[in-house]
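Asks: Input file: start-v9.cif. Contents: mmCIF, C-alpha atoms and all ligand atoms.
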```cif
data_entry
loop_
_atom_site.label_atom_id
_atom_site.label_comp_id
_atom_site.auth_asym_id
_atom_site.auth_seq_id
_atom_site.Cartn_x
_atom_site.Cartn_y
_atom_site.Cartn_z
CA MET T 256 6.45 -20.85 -2.41
CA PRO T 257 8.11 -17.53 -3.24
CA THR T 258 6.43 -14.34 -2.09
CA THR T 259 4.23 -12.83 -4.81
CA ILE T 260 2.79 -9.33 -5.15
CA THR T 261 -0.44 -8.78 -7.13
CA TRP T 262 -1.87 -5.37 -8.07
CA TYR T 263 -5.67 -5.02 -8.02
CA GLY T 264 -5.62 -1.45 -9.31
CA HIS T 265 -5.35 1.83 -7.34
CA GLY T 266 -3.56 1.25 -3.98
CA THR T 267 -4.77 -2.31 -3.55
CA PHE T 268 -2.20 -5.11 -3.46
CA GLY T 269 -2.32 -8.78 -2.57
CA ILE T 270 0.76 -10.44 -1.09
CA GLN T 271 1.18 -14.19 -0.75
CA THR T 272 3.95 -14.99 1.69
CA ALA T 273 4.83 -17.72 4.18
CA GLY T 274 1.57 -19.53 3.47
CA LYS T 275 -0.47 -16.41 4.30
CA SER T 276 -2.60 -14.16 2.13
CA LEU T 277 -2.30 -10.43 2.83
CA ILE T 278 -4.23 -7.58 1.22
CA ILE T 279 -3.14 -3.95 1.50
CA ASP T 280 -5.96 -1.35 1.23
CA PRO T 281 -8.78 -3.71 0.13
CA PHE T 282 -10.67 -1.36 -2.21
CA PHE T 283 -12.72 -3.53 -4.58
CA THR T 284 -16.29 -2.22 -4.48
CA GLY T 285 -16.38 0.98 -6.55
CA ASN T 286 -12.82 0.48 -7.81
CA PRO T 287 -13.18 0.62 -11.60
CA ALA T 288 -9.66 -0.80 -12.05
CA SER T 289 -10.14 -3.93 -9.94
CA PRO T 290 -10.51 -7.19 -11.90
CA ILE T 291 -12.02 -8.96 -8.87
CA LYS T 292 -14.77 -8.40 -6.29
CA ALA T 293 -14.47 -8.16 -2.52
CA SER T 294 -16.40 -11.44 -2.25
CA ASP T 295 -13.64 -13.19 -4.25
CA VAL T 296 -10.95 -12.69 -1.60
CA GLN T 297 -10.22 -14.82 1.47
CA PRO T 298 -7.27 -13.11 3.16
CA ASP T 299 -5.61 -13.96 6.44
CA VAL T 300 -4.59 -10.35 7.01
CA LEU T 301 -5.73 -6.90 5.86
CA LEU T 302 -3.42 -3.90 6.18
CA VAL T 303 -4.97 -0.43 5.93
CA THR T 304 -2.75 2.61 5.30
CA HIS T 305 -5.34 5.33 6.02
CA GLY T 306 -9.03 6.02 6.46
CA HIS T 307 -10.02 7.33 3.03
CA GLY T 308 -12.78 5.35 1.33
CA ASP T 309 -10.56 4.31 -1.56
CA HIS T 310 -8.24 2.58 0.95
CA ILE T 311 -10.37 1.31 3.85
CA GLY T 312 -12.62 0.13 1.04
CA ASP T 313 -14.22 -3.24 1.81
CA THR T 314 -12.32 -3.77 5.08
CA ILE T 315 -15.44 -4.18 7.24
CA GLU T 316 -17.19 -6.63 4.91
CA ILE T 317 -14.08 -8.77 4.35
CA ALA T 318 -13.09 -8.75 8.03
CA GLN T 319 -16.59 -9.74 9.17
CA ARG T 320 -16.92 -12.48 6.54
CA THR T 321 -13.49 -14.05 7.04
CA GLY T 322 -12.50 -13.11 10.58
CA CYS T 323 -9.09 -12.07 9.23
CA LEU T 324 -6.71 -9.89 11.23
CA VAL T 325 -6.76 -6.17 10.38
CA ILE T 326 -3.58 -4.15 10.94
CA ALA T 327 -3.92 -0.36 10.93
CA ASN T 328 -3.18 2.69 13.05
CA HIS T 329 -4.76 3.06 16.50
CA GLU T 330 -7.57 5.40 15.45
CA ILE T 331 -8.68 3.22 12.53
CA CYS T 332 -8.66 0.13 14.77
CA LEU T 333 -10.84 1.97 17.33
CA TRP T 334 -13.28 2.90 14.55
CA LEU T 335 -13.31 -0.68 13.21
CA ALA T 336 -14.18 -1.97 16.70
CA LYS T 337 -17.22 0.35 16.71
CA GLN T 338 -18.27 -1.22 13.39
CA GLY T 339 -18.05 -4.69 14.93
CA VAL T 340 -14.57 -5.65 13.68
CA GLN T 341 -12.76 -7.02 16.74
CA ASN T 342 -9.78 -8.89 15.30
CA THR T 343 -7.44 -5.95 14.90
CA HIS T 344 -3.86 -5.14 15.81
CA ASP T 345 -3.13 -1.45 16.18
CA GLN T 346 0.29 0.02 15.57
CA HIS T 347 1.50 3.53 14.96
CA ILE T 348 4.13 5.52 13.13
CA GLY T 349 7.64 4.29 13.79
CA GLY T 350 6.43 1.14 15.52
CA ALA T 351 7.22 -2.34 14.22
CA HIS T 352 5.59 -5.61 15.24
CA GLN T 353 6.45 -9.17 14.34
CA TYR T 354 3.62 -11.38 13.05
CA ASP T 355 3.73 -14.99 11.90
CA PHE T 356 4.15 -13.84 8.25
CA GLY T 357 6.82 -11.19 8.88
CA THR T 358 7.34 -7.79 10.48
CA VAL T 359 5.21 -4.69 9.81
CA LYS T 360 6.44 -1.18 10.56
CA LEU T 361 4.30 1.90 10.03
CA THR T 362 5.92 4.97 8.50
CA ILE T 363 4.87 8.57 8.07
CA ALA T 364 2.88 9.62 5.02
CA HIS T 365 1.89 13.18 4.15
CA HIS T 366 -1.82 12.98 3.41
CA GLY T 367 -5.21 12.84 5.21
CA SER T 368 -7.00 9.94 6.90
CA ILE T 369 -10.65 10.91 7.56
CA LEU T 370 -12.94 7.88 7.62
CA PRO T 371 -15.98 7.54 5.32
CA ASP T 372 -18.44 8.61 8.07
CA GLY T 373 -16.37 11.69 8.96
CA SER T 374 -14.65 10.09 11.97
CA TYR T 375 -11.05 10.96 12.74
CA GLY T 376 -8.70 8.38 11.23
CA GLY T 377 -5.45 9.48 12.87
CA ASN T 378 -2.35 10.07 10.78
CA PRO T 379 -2.02 8.33 7.44
CA CYS T 380 0.74 5.75 7.22
CA GLY T 381 3.01 3.86 4.89
CA LEU T 382 4.06 0.25 5.47
CA ILE T 383 7.41 -1.49 5.61
CA LEU T 384 6.92 -5.27 5.37
CA LYS T 385 9.94 -7.41 6.22
CA LEU T 386 9.11 -10.82 4.77
CA ALA T 387 11.03 -14.05 4.31
CA ASP T 388 12.00 -13.15 0.74
CA GLY T 389 12.74 -9.45 1.20
CA THR T 390 11.43 -6.06 2.21
CA ILE T 391 8.51 -4.18 0.66
CA TYR T 392 7.74 -0.48 1.20
CA HIS T 393 4.18 0.57 0.30
CA SER T 394 4.18 4.33 0.82
CA GLY T 395 0.40 4.70 1.04
CA ASP T 396 -0.99 7.94 -0.32
CA THR T 397 1.66 10.59 0.23
CA GLY T 398 3.48 13.56 -1.09
CA LEU T 399 7.24 13.41 -1.48
CA PHE T 400 9.21 13.71 1.78
CA TYR T 401 12.93 13.75 2.29
CA ASP T 402 12.76 11.14 5.11
CA MET T 403 12.15 8.56 2.38
CA LYS T 404 15.95 8.47 2.45
CA LEU T 405 15.74 6.94 5.97
CA ILE T 406 13.19 4.40 4.75
CA GLY T 407 15.60 3.49 1.96
CA GLU T 408 18.27 2.78 4.56
CA GLU T 409 16.14 -0.19 5.71
CA GLY T 410 17.09 -1.89 2.41
CA ILE T 411 13.99 -1.91 0.22
CA ASP T 412 13.65 -4.68 -2.35
CA VAL T 413 10.33 -3.50 -3.79
CA ALA T 414 8.90 0.00 -3.35
CA ILE T 415 5.24 0.60 -4.21
CA LEU T 416 4.76 4.30 -4.96
CA PRO T 417 1.89 6.50 -6.19
CA ILE T 418 2.44 8.34 -9.47
CA GLY T 419 -1.12 9.59 -10.08
CA ASP T 420 -0.62 13.23 -9.06
CA ASN T 421 -3.49 15.45 -7.80
CA TYR T 422 -3.95 13.54 -4.48
CA THR T 423 -0.42 12.13 -4.12
CA MET T 424 3.02 12.32 -5.68
CA GLY T 425 2.95 12.67 -9.43
CA PRO T 426 5.53 11.24 -11.81
CA ASP T 427 8.22 13.89 -11.15
CA ASP T 428 8.12 13.58 -7.37
CA ALA T 429 7.78 9.79 -7.52
CA LEU T 430 11.01 9.74 -9.55
CA LYS T 431 12.67 11.82 -6.82
CA ALA T 432 11.29 9.33 -4.29
CA VAL T 433 12.96 6.45 -6.14
CA LYS T 434 16.26 8.36 -5.98
CA LEU T 435 15.86 8.85 -2.20
CA ILE T 436 14.76 5.28 -1.43
CA GLN T 437 17.01 3.47 -3.96
CA PRO T 438 14.90 0.29 -3.96
CA LYS T 439 15.95 -2.66 -6.11
CA ARG T 440 12.59 -2.51 -7.90
CA VAL T 441 9.63 -0.12 -7.96
CA ILE T 442 5.94 -0.65 -8.80
CA PRO T 443 3.88 2.46 -9.72
CA GLU T 444 0.35 2.62 -8.25
CA HIS T 445 -2.52 5.01 -7.41
CA HIS T 446 -2.78 6.04 -11.07
CA SER T 447 -5.30 5.73 -13.89
CA THR T 448 -8.18 4.59 -11.66
CA TRP T 449 -10.04 7.73 -12.71
CA PRO T 450 -9.26 10.41 -15.32
CA VAL T 451 -7.98 12.89 -12.69
CA ILE T 452 -5.07 10.54 -11.86
CA ALA T 453 -4.47 9.19 -15.39
CA GLN T 454 -0.75 8.60 -16.04
CA ASP T 455 1.40 6.62 -18.46
CA PRO T 456 3.27 4.16 -16.20
CA HIS T 457 5.48 3.01 -19.08
CA ALA T 458 6.70 6.56 -19.72
CA TRP T 459 7.46 6.87 -16.02
CA ALA T 460 9.22 3.51 -16.02
CA ALA T 461 11.44 4.70 -18.90
CA ARG T 462 12.51 7.69 -16.79
CA VAL T 463 13.26 5.41 -13.81
CA ARG T 464 15.40 3.21 -16.08
CA ALA T 465 17.23 6.21 -17.57
CA GLU T 466 17.93 8.06 -14.32
CA THR T 467 18.30 5.40 -11.61
CA THR T 468 19.59 1.85 -11.07
CA THR T 469 16.13 0.75 -9.87
CA GLU T 470 14.19 -1.70 -12.04
CA PRO T 471 10.61 -0.50 -12.67
CA ILE T 472 7.86 -3.15 -12.74
CA VAL T 473 4.72 -1.97 -14.52
CA LEU T 474 1.81 -4.22 -13.60
CA GLN T 475 -1.67 -4.26 -15.12
CA PRO T 476 -4.49 -4.79 -12.62
CA GLY T 477 -4.60 -8.52 -11.87
CA GLU T 478 -0.91 -9.07 -12.72
CA SER T 479 1.66 -10.35 -10.24
CA THR T 480 5.40 -10.23 -9.73
CA ARG T 481 7.68 -12.16 -7.40
CA LEU T 482 9.32 -10.37 -4.50
NI NI I 1 -6.10 8.93 0.40
MN MN I 2 -6.18 7.35 -2.31
#
```
Translate this file's structure into structure tokens.
Ligand code: NI
Ligand code: MN

Replies:
Amino acid sequence: MPTTITWYGHGTFGIQTAGKSLIIDPFFTGNPASPIKASDVQPDVLLVTHGHGDHIGDTIEIAQRTGCLVIANHEICLWLAKQGVQNTHDQHIGGAHQYDFGTVKLTIAHHGSILPDGSYGGNPCGLILKLADGTIYHSGDTGLFYDMKLIGEEGIDVAILPIGDNYTMGPDDALKAVKLIQPKRVIPEHHSTWPVIAQDPHAWAARVRAETTTEPIVLQPGESTRL
């Protein structure tokens, strides 16, 4: 089975790889773009980029129902333990760890990470996933940073980047990010969930095609692509 990537709207992605089901930032409840509910998913692993409610989302409910592993930064894992979620693996920025489905490395992200109850969520992160079929970079919520060039040097097959503006990179900076990272393909995300982050992903994709050698993949919520 080839690795597949499915967008559930906003920053939420499902990845099927090596017989495992991964979900990044499981935000289903209250996500107007998601075509599915939290109760529909049965992941083996959740990965959480930062503490904001639109990213930690349904982590507690899904983790308690399924017993899946949750991978996040140290502070979020401490907070999850206090909520009764014990099956966690904490990492932190710059650190990589090998799991049975592949390797996860946390990267910097320029953003916030406060948890829904006001607890400190540590630094926000991005994710580099080295999987059997290639390497994915999900930047998490972030502004543009020049060190994306270093992330690109890891050899990124698919980059997942916000284009929504207001809270994260908008289309102009996300285009600069593509030029720094030089991924083979790029998926725009964190847009059009709400009016304040409404964007035209096809217009952005046309700019990516015109100005870079990266292939843009515009998904609708619920659609998948192969890695
Ligand atoms: Ni955020
Ligand atoms: Mn967000």

Asks: Counting all atoms listed in the file, which residue out of T:Ala336, T:Ala453, T:Leu482, T:Ile270 sits closest to T:Phe356?

Replies: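 Residue with the minimum atom-to-atom distance to T:Phe356: T:Ile270.
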
Asks: Residues at most 7 Å from ligand MN 2 (chain I), using only C-alpha atoms and all ligand atoms? Could they come as a ChimeraX atom specification?

Replies: /T:266,307,309-310,396,422,445

Asks: Do a neighbour search on T:Asp388 at 9 Å with all atoms listed in the file, toss out local chain neighbours closer than 2 positions, and write the hits as a compact mmCIF listing (two decimals) with C-alpha atoms, in the frame of the given file.

Replies:
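Okay, this is what ended up in out-v9.txt:
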```
# COMPACT_ATOMS: atom_id res chain seq x y z
CA PRO T 257 8.11 -17.53 -3.24
CA THR T 258 6.43 -14.34 -2.09
CA THR T 272 3.95 -14.99 1.69
CA LYS T 385 9.94 -7.41 6.22
CA LEU T 386 9.11 -10.82 4.77
CA THR T 390 11.43 -6.06 2.21
CA LEU T 482 9.32 -10.37 -4.50
```

Asks: Dump as a Markdown table the rows for residues of chain T within 9 Å of ligand NI 1 (chain I): closest atom pair and distance in Å with one decimal, all atoms listed in the file counted, ordered by chain and rising residue number.

Replies:
```
| residue | atom | partner | partner_atom | distance |
| --- | --- | --- | --- | --- |
| T:Thr304 | CA | I:NI1 | NI | 8.7 |
| T:His305 | CA | I:NI1 | NI | 6.7 |
| T:Gly306 | CA | I:NI1 | NI | 7.3 |
| T:His307 | CA | I:NI1 | NI | 5.0 |
| T:Gly308 | CA | I:NI1 | NI | 7.6 |
| T:Asp309 | CA | I:NI1 | NI | 6.7 |
| T:His310 | CA | I:NI1 | NI | 6.7 |
| T:His366 | CA | I:NI1 | NI | 6.6 |
| T:Gly367 | CA | I:NI1 | NI | 6.3 |
| T:Ser368 | CA | I:NI1 | NI | 6.6 |
| T:Ile369 | CA | I:NI1 | NI | 8.7 |
| T:Pro379 | CA | I:NI1 | NI | 8.2 |
| T:Gly395 | CA | I:NI1 | NI | 7.8 |
| T:Asp396 | CA | I:NI1 | NI | 5.3 |
| T:Thr397 | CA | I:NI1 | NI | 7.9 |
| T:Tyr422 | CA | I:NI1 | NI | 7.0 |
| T:Thr423 | CA | I:NI1 | NI | 7.9 |
```

Asks: Near T:Tyr263, within 7 Å and counting only C-alpha atoms, which residues show up once chain neighbours fewer than 3 positions away are dropped, as a PyMOL selection string?

Replies: chain T and resi 267-268+289-290+476-477

Asks: Grab the atom CA of T:Glu470 to atom CA of T:Asn286 distance for me, in Å with one decimal place.

Replies: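 Result for atom CA of T:Glu470 versus atom CA of T:Asn286: 27.4 Å, one decimal.
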
Asks: Got a sec: who's within 7 Å of T:Leu416, counting all atoms listed in the file, leaving out chain neighbours fewer than 4 positions off, as JSON, numbers by chain?

Replies: {"T": [393, 394, 429, 442, 443, 444]}

Asks: Provide the atom CA of T:Gly373 to atom CA of T:Arg320 distance in Å, to one decimal place.

Replies: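 If I compute the distance from atom CA of T:Gly373 to atom CA of T:Arg320, I get 24.3 Å.
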
Asks: Could you check which residues have any atom within 10 Å of (16.9, 8.5, -2.0), counting all atoms listed in the file with coordinates taken straight from the file, and then list them as a VMD selection string?

Replies: chain T and resid 401 to 408 430 to 438

Asks: Using all atoms listed in the file, which of the listed residues (T:Gln271, T:Leu382, T:Thr284, T:Gly264) sits closest to T:Leu302?

Replies: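 Closest residue, counting all atoms listed in the file: T:Leu382.
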
Asks: Measuring atom to atom with all atoms listed in the file, identify which of T:Thr261, T:Phe400, T:Leu301, T:Lys292 is nearest to T:Ile278.

Replies: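 Checking each candidate against T:Ile278, we get T:Leu301 as the closest.
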
Asks: Using only C-alpha atoms, which of the listed residues (T:Gly269, T:Pro298, T:Gly312, T:Gly285) sits closest to T:Leu370?

Replies: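 Counting only C-alpha atoms, the residue closest to T:Leu370 is T:Gly312.
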
Asks: Counting only C-alpha atoms, figure out which residue out of T:Ala273, T:Trp262, T:Thr469, T:Pro287 gets nearest to T:Trp449.

Replies: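 Smallest separation from T:Trp449 among the options: T:Pro287.
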
Asks: Which residues are near T:Asp355? Cut-off 10 Å, all atoms listed in the file, ignore same chain within fewer than 2 positions. Put them as a list in words.

Replies: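 Contacts, in chain order: Ala273, Gly274, Lys275, Gln353, Gly357, Thr358 and Leu386 of chain T.
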
Asks: Which is closer to T:Ile348 than all the others in T:Ile411, T:Cys332, T:Ala327, T:Gly389, using only C-alpha atoms?

Replies: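 Going through T:Ile411, T:Cys332, T:Ala327, T:Gly389 one by one, the smallest distance to T:Ile348 is for T:Ala327.
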
Asks: Which neighbours of T:Trp334 fall inside 12 Å, counting all atoms listed in the file, when residues of the same chain fewer than 4 positions from it are skipped, and could you give them as a PyMOL selection string?

Replies: chain T and resi 305-306+311+314-315+325+327-330+338-341+343+345+369-377

Asks: Work out how far atom CA of T:Ile472 is from atom CA of T:Ala460, in Å to one decimal.

Replies: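 Those two atoms sit 7.5 Å apart.
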